[in-house]
Amino acid sequence: MDMENAAQLCRENLRAMEMYARLLRMEEECFSADEIDDFAKVCGLEKETAFHLLSASACGLEPDRKHEDKYLMMRYLVPALKKQDAACFRQNPYYSRIKFPEASLGEWRMTRLFYAPYQIFPCGDTVLLPDGREIAPMGYFTEGFSFPAVTENGREWMAIKPNETETMKEPIQAAYGNAVVFGLGLGYYAFMVSEKENVSSVTVIERDKNVISLFQKYLLPQFPHGDKIRIVQADVFDYLKHEMRHNAFDFAFADIWHDISDGLPLYLKFRKAEQACPGVQFKYWIEPSMLVFLRSLMLEDRLAHAGRLDRLLSPDCFADEFCSLAFVRQTAPEIDPAELW
């Protein structure tokens, strides 16, 4: 890929990410089923196509009048936005086995939140396609969908919703042996890996005593394999520095962030700390999304000749091997978070 094409692709990806962000902020403006039905009938369209067009319009695009807007919709919105099957998600073992009470302790509250019909939500890790497009999967249900959540001072901290179940599939599958989990939340990850025969124990590191108390009182007693789970109250980075080496862990999973914005600096800090644990396999929540974002920052930095991350890239940084997520992951431990912003 030459510099001119790389620059054009970076601009397209940036515009697409802005479009995705706008769609995900549409909670109060989501379309009703009647509006979508009426639009589909008037235009002679399938409902999914009608929803794509309405969603594009809500982002300020005019795909029927502007070629560049239609191009953006077809290349970025249509591959990203998919109808989801609510029944399929309700069959998840955690949903089907764990009864979730309304309870609170201190600033923490266990509750249920709700997706309205046709409300757009994130639904998986950002994907880097072979042609360089960055696609952020999004979903919607045609019916209402409620899900368990824990909030801190009214702010959602952890929720068992489609994005979480989708983005944890691979780290759950990878877990084995004696596992350590950084971050408790509602215990979804601990529950899922404790169900695996090849997982012997699950040690969860959580610093907030109220989160631990809520979990141990209301949720852990319902876990069929709760005897595998041990909770340690500690700061995760203190534990990594002082206690990790005293335990024979085989596998580690970190999930202590809300999203990429607060997660990337913590992820980079973990990647540095990981090097002191050569015998442990580490996995991270939404790591693929963070690597796509980090790759974008690195390429934009080279294009702008800013020089903050320039030292990490070869002069041939637009060649395929230097645009790969494998290269970005290999490079991540060398990056100082202060270099990013």
# chains A, B, ... in the order shown; residues from 1 in each chain; ligands from 1
$ residues_around --residues "segment 67-77 of chain A" --least-positions-apart "4" --cutoff "10 Å" --atoms "only C-alpha atoms" --output "list in words"
Glu12, Asn13, Arg15, Ala16, Met17, Met19, Tyr20, Leu23, His52, Leu53, Ser55, Ala56, Ser57, Gly60, Leu61, Glu62, Pro63, Leu81, Lys82, Arg133, Glu134, Ile135, Ala136, Pro137 and Met138 of chain A
$ write_last_selection --atoms "C-alpha atoms" --output "short mmCIF file (atom, residue, chain, number, x, y, z; two decimals), in the first residue's frame"
data_model
loop_
_atom_site.label_atom_id
_atom_site.label_comp_id
_atom_site.auth_asym_id
_atom_site.auth_seq_id
_atom_site.Cartn_x
_atom_site.Cartn_y
_atom_site.Cartn_z
CA GLU A 12 -12.43 6.58 5.20
CA ASN A 13 -11.92 4.57 8.39
CA ARG A 15 -15.25 8.86 8.88
CA ALA A 16 -16.74 5.39 9.38
CA MET A 17 -15.79 5.36 13.07
CA MET A 19 -20.56 7.29 11.83
CA TYR A 20 -20.53 4.26 14.14
CA LEU A 23 -25.30 5.57 15.62
CA HIS A 52 -29.81 0.71 6.91
CA LEU A 53 -31.08 3.69 4.88
CA SER A 55 -29.66 4.79 9.97
CA ALA A 56 -27.49 6.35 7.27
CA SER A 57 -29.85 9.31 7.11
CA GLY A 60 -26.38 12.91 8.03
CA LEU A 61 -25.65 10.77 4.97
CA GLU A 62 -27.62 11.12 1.74
CA PRO A 63 -26.95 7.83 -0.07
CA LEU A 81 -25.06 -3.33 11.29
CA LYS A 82 -26.83 -6.69 11.62
CA ARG A 133 -11.29 -1.33 6.25
CA GLU A 134 -12.04 -1.17 9.98
CA ILE A 135 -15.53 -2.53 10.66
CA ALA A 136 -17.09 -2.16 14.12
CA PRO A 137 -19.87 -4.76 14.44
CA MET A 138 -23.18 -3.38 15.67
#
$ closest_residue --among "A:Phe191, A:Phe327, A:Phe249, A:Phe182" --to "Asp208 of chain A" --atoms "only C-alpha atoms"
A:Phe182
$ residues_around --residues "Ala149 of chain A" --least-positions-apart "3" --cutoff "9 Å" --atoms "only C-alpha atoms" --output "ChimeraX atom specification"
/A:109-113,156-161,185-186
$ write_last_selection --atoms "N, CA, C and O atoms" --output "compact mmCIF listing (two decimals), in the first residue's frame"
# COMPACT_ATOMS: atom_id res chain seq x y z
N ARG A 109 -24.82 -0.85 42.57
CA ARG A 109 -26.19 -1.36 42.49
C ARG A 109 -26.28 -2.44 41.41
O ARG A 109 -25.78 -2.25 40.29
N MET A 110 -26.90 -3.54 41.76
CA MET A 110 -27.21 -4.59 40.78
C MET A 110 -28.62 -4.33 40.26
O MET A 110 -29.56 -4.19 41.03
N THR A 111 -28.76 -4.28 38.95
CA THR A 111 -30.05 -3.92 38.37
C THR A 111 -30.18 -4.57 37.00
O THR A 111 -29.36 -5.43 36.61
N ARG A 112 -31.19 -4.19 36.26
CA ARG A 112 -31.34 -4.63 34.86
C ARG A 112 -31.50 -3.40 33.99
O ARG A 112 -32.21 -2.46 34.35
N LEU A 113 -30.85 -3.41 32.84
CA LEU A 113 -30.97 -2.35 31.86
C LEU A 113 -31.68 -2.91 30.63
O LEU A 113 -31.98 -4.10 30.56
N GLU A 156 -23.12 2.76 34.38
CA GLU A 156 -22.93 1.35 34.08
C GLU A 156 -21.45 0.99 34.13
O GLU A 156 -20.62 1.64 33.51
N TRP A 157 -21.13 -0.03 34.91
CA TRP A 157 -19.75 -0.49 34.98
C TRP A 157 -19.56 -1.82 34.25
O TRP A 157 -18.65 -2.00 33.47
N MET A 158 -20.48 -2.74 34.51
CA MET A 158 -20.41 -4.05 33.87
C MET A 158 -21.82 -4.51 33.57
O MET A 158 -22.72 -4.32 34.39
N ALA A 159 -22.02 -5.07 32.39
CA ALA A 159 -23.34 -5.58 32.02
C ALA A 159 -23.16 -6.83 31.19
O ALA A 159 -22.23 -6.94 30.39
N ILE A 160 -24.05 -7.77 31.37
CA ILE A 160 -24.01 -9.01 30.59
C ILE A 160 -24.92 -8.81 29.39
O ILE A 160 -26.07 -9.22 29.37
N LYS A 161 -24.40 -8.11 28.40
CA LYS A 161 -25.17 -7.80 27.20
C LYS A 161 -24.45 -8.37 25.97
O LYS A 161 -23.33 -8.89 26.10
N GLY A 185 -16.61 -7.62 38.16
CA GLY A 185 -17.89 -7.29 37.55
C GLY A 185 -19.01 -8.14 38.13
O GLY A 185 -19.16 -8.26 39.35
N LEU A 186 -19.76 -8.78 37.26
CA LEU A 186 -20.84 -9.67 37.67
C LEU A 186 -20.41 -11.13 37.64
O LEU A 186 -21.25 -12.03 37.73
$ residues_around --residues "Asp227 of chain A" --least-positions-apart "4" --cutoff "12 Å" --atoms "only C-alpha atoms" --output "ChimeraX atom specification"
/A:190-191,194-195,200-203,216,220-223,231
$ write_last_selection --atoms "N, CA and C atoms" --output "short mmCIF file (atom, residue, chain, number, x, y, z; two decimals), in the first residue's frame"
data_model
loop_
_atom_site.label_atom_id
_atom_site.label_comp_id
_atom_site.auth_asym_id
_atom_site.auth_seq_id
_atom_site.Cartn_x
_atom_site.Cartn_y
_atom_site.Cartn_z
N ALA A 190 -15.72 -15.41 35.12
CA ALA A 190 -15.40 -16.44 36.10
C ALA A 190 -16.40 -17.60 36.01
N PHE A 191 -17.68 -17.28 35.83
CA PHE A 191 -18.70 -18.32 35.69
C PHE A 191 -18.43 -19.19 34.48
N SER A 194 -15.24 -21.33 34.78
CA SER A 194 -15.35 -22.35 35.82
C SER A 194 -16.15 -23.56 35.34
N GLU A 195 -16.95 -23.37 34.31
CA GLU A 195 -17.72 -24.46 33.72
C GLU A 195 -16.85 -25.40 32.89
N SER A 200 -8.88 -25.65 36.23
CA SER A 200 -8.82 -26.24 37.57
C SER A 200 -9.23 -25.26 38.65
N SER A 201 -8.84 -23.98 38.49
CA SER A 201 -9.16 -22.98 39.50
C SER A 201 -9.25 -21.62 38.84
N VAL A 202 -10.02 -20.71 39.47
CA VAL A 202 -10.19 -19.35 38.98
C VAL A 202 -9.98 -18.40 40.15
N THR A 203 -8.89 -17.63 40.11
CA THR A 203 -8.61 -16.62 41.13
C THR A 203 -8.96 -15.25 40.56
N GLN A 216 -20.46 -12.23 46.19
CA GLN A 216 -20.41 -13.39 47.06
C GLN A 216 -21.77 -13.68 47.71
N LEU A 220 -22.40 -15.79 43.52
CA LEU A 220 -21.52 -16.96 43.64
C LEU A 220 -22.25 -18.21 44.14
N PRO A 221 -23.19 -18.10 45.11
CA PRO A 221 -23.88 -19.32 45.55
C PRO A 221 -24.65 -20.03 44.44
N GLN A 222 -24.94 -19.33 43.35
CA GLN A 222 -25.68 -19.96 42.25
C GLN A 222 -24.75 -20.64 41.24
N PHE A 223 -23.44 -20.43 41.34
CA PHE A 223 -22.51 -21.00 40.37
C PHE A 223 -22.35 -22.50 40.62
N ILE A 231 -11.77 -15.31 45.48
CA ILE A 231 -11.73 -13.86 45.29
C ILE A 231 -10.63 -13.27 46.16
#
$ residues_around --residues "Val292 of chain A" --least-positions-apart "3" --cutoff "8 Å" --atoms "only C-alpha atoms" --output "list in words"
Thr126, Val127, Leu128, Glu134, Pro288, Ser289, Arg295, Ser296 and Leu325 of chain A
$ write_last_selection --atoms "all heavy atoms" --output "PDB file, in the first residue's frame"
ATOM      1  N   THR A 126     -13.925  -4.774  16.926  1.00  0.00           N
ATOM      2  CA  THR A 126     -13.629  -4.165  15.636  1.00  0.00           C
ATOM      3  C   THR A 126     -12.793  -5.120  14.804  1.00  0.00           C
ATOM      4  O   THR A 126     -11.852  -5.746  15.296  1.00  0.00           O
ATOM      5  CB  THR A 126     -12.872  -2.841  15.818  1.00  0.00           C
ATOM      6  OG1 THR A 126     -13.642  -1.983  16.666  1.00  0.00           O
ATOM      7  CG2 THR A 126     -12.642  -2.143  14.487  1.00  0.00           C
ATOM      8  N   VAL A 127     -13.135  -5.215  13.526  1.00  0.00           N
ATOM      9  CA  VAL A 127     -12.483  -6.157  12.618  1.00  0.00           C
ATOM     10  C   VAL A 127     -11.677  -5.384  11.575  1.00  0.00           C
ATOM     11  O   VAL A 127     -12.172  -4.407  10.992  1.00  0.00           O
ATOM     12  CB  VAL A 127     -13.532  -7.043  11.907  1.00  0.00           C
ATOM     13  CG1 VAL A 127     -12.851  -7.992  10.931  1.00  0.00           C
ATOM     14  CG2 VAL A 127     -14.348  -7.823  12.932  1.00  0.00           C
ATOM     15  N   LEU A 128     -10.443  -5.811  11.352  1.00  0.00           N
ATOM     16  CA  LEU A 128      -9.624  -5.266  10.278  1.00  0.00           C
ATOM     17  C   LEU A 128      -9.742  -6.203   9.081  1.00  0.00           C
ATOM     18  O   LEU A 128      -9.285  -7.351   9.128  1.00  0.00           O
ATOM     19  CB  LEU A 128      -8.165  -5.149  10.718  1.00  0.00           C
ATOM     20  CG  LEU A 128      -7.175  -4.665   9.657  1.00  0.00           C
ATOM     21  CD1 LEU A 128      -7.489  -3.230   9.241  1.00  0.00           C
ATOM     22  CD2 LEU A 128      -5.740  -4.790  10.163  1.00  0.00           C
ATOM     23  N   GLU A 134     -11.801  -0.867   8.570  1.00  0.00           N
ATOM     24  CA  GLU A 134     -12.036  -1.171   9.977  1.00  0.00           C
ATOM     25  C   GLU A 134     -13.547  -1.184  10.202  1.00  0.00           C
ATOM     26  O   GLU A 134     -14.206  -0.145  10.094  1.00  0.00           O
ATOM     27  CB  GLU A 134     -11.360  -0.122  10.855  1.00  0.00           C
ATOM     28  CG  GLU A 134      -9.851  -0.083  10.677  1.00  0.00           C
ATOM     29  CD  GLU A 134      -9.208   1.118  11.331  1.00  0.00           C
ATOM     30  OE1 GLU A 134      -9.922   1.889  12.014  1.00  0.00           O
ATOM     31  OE2 GLU A 134      -7.987   1.317  11.147  1.00  0.00           O
ATOM     32  N   PRO A 288      -8.649  -7.159  20.369  1.00  0.00           N
ATOM     33  CA  PRO A 288      -8.650  -6.906  18.920  1.00  0.00           C
ATOM     34  C   PRO A 288      -9.062  -5.481  18.564  1.00  0.00           C
ATOM     35  O   PRO A 288      -8.466  -4.855  17.685  1.00  0.00           O
ATOM     36  CB  PRO A 288      -9.654  -7.932  18.384  1.00  0.00           C
ATOM     37  CG  PRO A 288      -9.617  -9.039  19.387  1.00  0.00           C
ATOM     38  CD  PRO A 288      -9.446  -8.367  20.713  1.00  0.00           C
ATOM     39  N   SER A 289     -10.075  -4.959  19.273  1.00  0.00           N
ATOM     40  CA  SER A 289     -10.505  -3.583  19.001  1.00  0.00           C
ATOM     41  C   SER A 289      -9.410  -2.587  19.352  1.00  0.00           C
ATOM     42  O   SER A 289      -9.175  -1.608  18.632  1.00  0.00           O
ATOM     43  CB  SER A 289     -11.763  -3.250  19.807  1.00  0.00           C
ATOM     44  OG  SER A 289     -12.856  -4.055  19.412  1.00  0.00           O
ATOM     45  N   ARG A 295      -3.245   0.478  15.821  1.00  0.00           N
ATOM     46  CA  ARG A 295      -2.700   0.461  14.460  1.00  0.00           C
ATOM     47  C   ARG A 295      -3.056   1.740  13.719  1.00  0.00           C
ATOM     48  O   ARG A 295      -2.214   2.338  13.039  1.00  0.00           O
ATOM     49  CB  ARG A 295      -3.248  -0.749  13.704  1.00  0.00           C
ATOM     50  CG  ARG A 295      -2.952  -0.770  12.206  1.00  0.00           C
ATOM     51  CD  ARG A 295      -3.704  -1.930  11.561  1.00  0.00           C
ATOM     52  NE  ARG A 295      -3.509  -1.960  10.120  1.00  0.00           N
ATOM     53  CZ  ARG A 295      -4.242  -1.277   9.250  1.00  0.00           C
ATOM     54  NH1 ARG A 295      -5.230  -0.486   9.687  1.00  0.00           N
ATOM     55  NH2 ARG A 295      -4.008  -1.353   7.952  1.00  0.00           N
ATOM     56  N   SER A 296      -4.307   2.163  13.861  1.00  0.00           N
ATOM     57  CA  SER A 296      -4.747   3.395  13.201  1.00  0.00           C
ATOM     58  C   SER A 296      -3.946   4.595  13.689  1.00  0.00           C
ATOM     59  O   SER A 296      -3.515   5.444  12.900  1.00  0.00           O
ATOM     60  CB  SER A 296      -6.239   3.604  13.460  1.00  0.00           C
ATOM     61  OG  SER A 296      -6.698   4.797  12.892  1.00  0.00           O
ATOM     62  N   LEU A 325      -2.143  -6.709  12.529  1.00  0.00           N
ATOM     63  CA  LEU A 325      -2.389  -6.617  13.964  1.00  0.00           C
ATOM     64  C   LEU A 325      -1.360  -7.419  14.756  1.00  0.00           C
ATOM     65  O   LEU A 325      -1.064  -7.082  15.907  1.00  0.00           O
ATOM     66  CB  LEU A 325      -3.803  -7.100  14.285  1.00  0.00           C
ATOM     67  CG  LEU A 325      -4.941  -6.285  13.668  1.00  0.00           C
ATOM     68  CD1 LEU A 325      -6.280  -6.770  14.208  1.00  0.00           C
ATOM     69  CD2 LEU A 325      -4.769  -4.799  13.921  1.00  0.00           C
TER      70      LEU A 325
END
$ closest_atom_pairs --of "segment 108-223 of chain A" --to "segment 33-36 of chain A" --cutoff "8 Å" --atoms "only C-alpha atoms" --output "CSV"
residue,atom,partner,partner_atom,distance
A:Pro117,CA,A:Ala33,CA,7.2
A:Tyr118,CA,A:Ala33,CA,7.2
A:Thr142,CA,A:Ala33,CA,7.4
$ write_last_selection --atoms "N, CA, C and O atoms" --output "PDB file, in the first residue's frame"
ATOM      1  N   PRO A 117     -36.548  -1.930  21.039  1.00  0.00           N
ATOM      2  CA  PRO A 117     -36.510  -2.472  19.681  1.00  0.00           C
ATOM      3  C   PRO A 117     -35.828  -1.489  18.726  1.00  0.00           C
ATOM      4  O   PRO A 117     -36.074  -0.292  18.775  1.00  0.00           O
ATOM      5  N   TYR A 118     -34.944  -2.001  17.908  1.00  0.00           N
ATOM      6  CA  TYR A 118     -34.186  -1.245  16.901  1.00  0.00           C
ATOM      7  C   TYR A 118     -33.180  -0.261  17.503  1.00  0.00           C
ATOM      8  O   TYR A 118     -32.639   0.573  16.774  1.00  0.00           O
ATOM      9  N   THR A 142     -35.298  -6.702  17.122  1.00  0.00           N
ATOM     10  CA  THR A 142     -36.608  -6.208  16.705  1.00  0.00           C
ATOM     11  C   THR A 142     -37.614  -6.282  17.850  1.00  0.00           C
ATOM     12  O   THR A 142     -38.796  -6.009  17.661  1.00  0.00           O
TER      13      THR A 142
END
$ closest_residue --among "A:Lys196, A:Lys209, A:Lys169, A:Arg11" --to "Gly106 of chain A" --atoms "only C-alpha atoms"
A:Lys209
$ atom_distance --atom1 "atom CA of Ala21 of chain A" --atom2 "atom CA of His258 of chain A"
15.2 Å
$ closest_residue --among "A:Ala273, A:Leu219, A:Ala50, A:Leu129" --to "Asp238 of chain A" --atoms "only C-alpha atoms"
A:Ala273
$ select_by_dssp --residues "segment 182-311 of chain A" --states "alpha helix (DSSP H)" --output "PyMOL selection string"
chain A and resi 188-194+209-214+236-242+260-274+287-304
$ closest_residue --among "A:Ala252, A:Leu297, A:Ile212, A:Ile286" --to "Ala174 of chain A" --atoms "only C-alpha atoms"
A:Ala252
$ closest_residue --among "A:Asn5, A:Lys217, A:Gly183, A:Phe251" --to "Val232 of chain A" --atoms "only C-alpha atoms"
A:Gly183
$ atom_distance --atom1 "atom CA of Gln119 of chain A" --atom2 "atom CA of Tyr140 of chain A"
5.7 Å
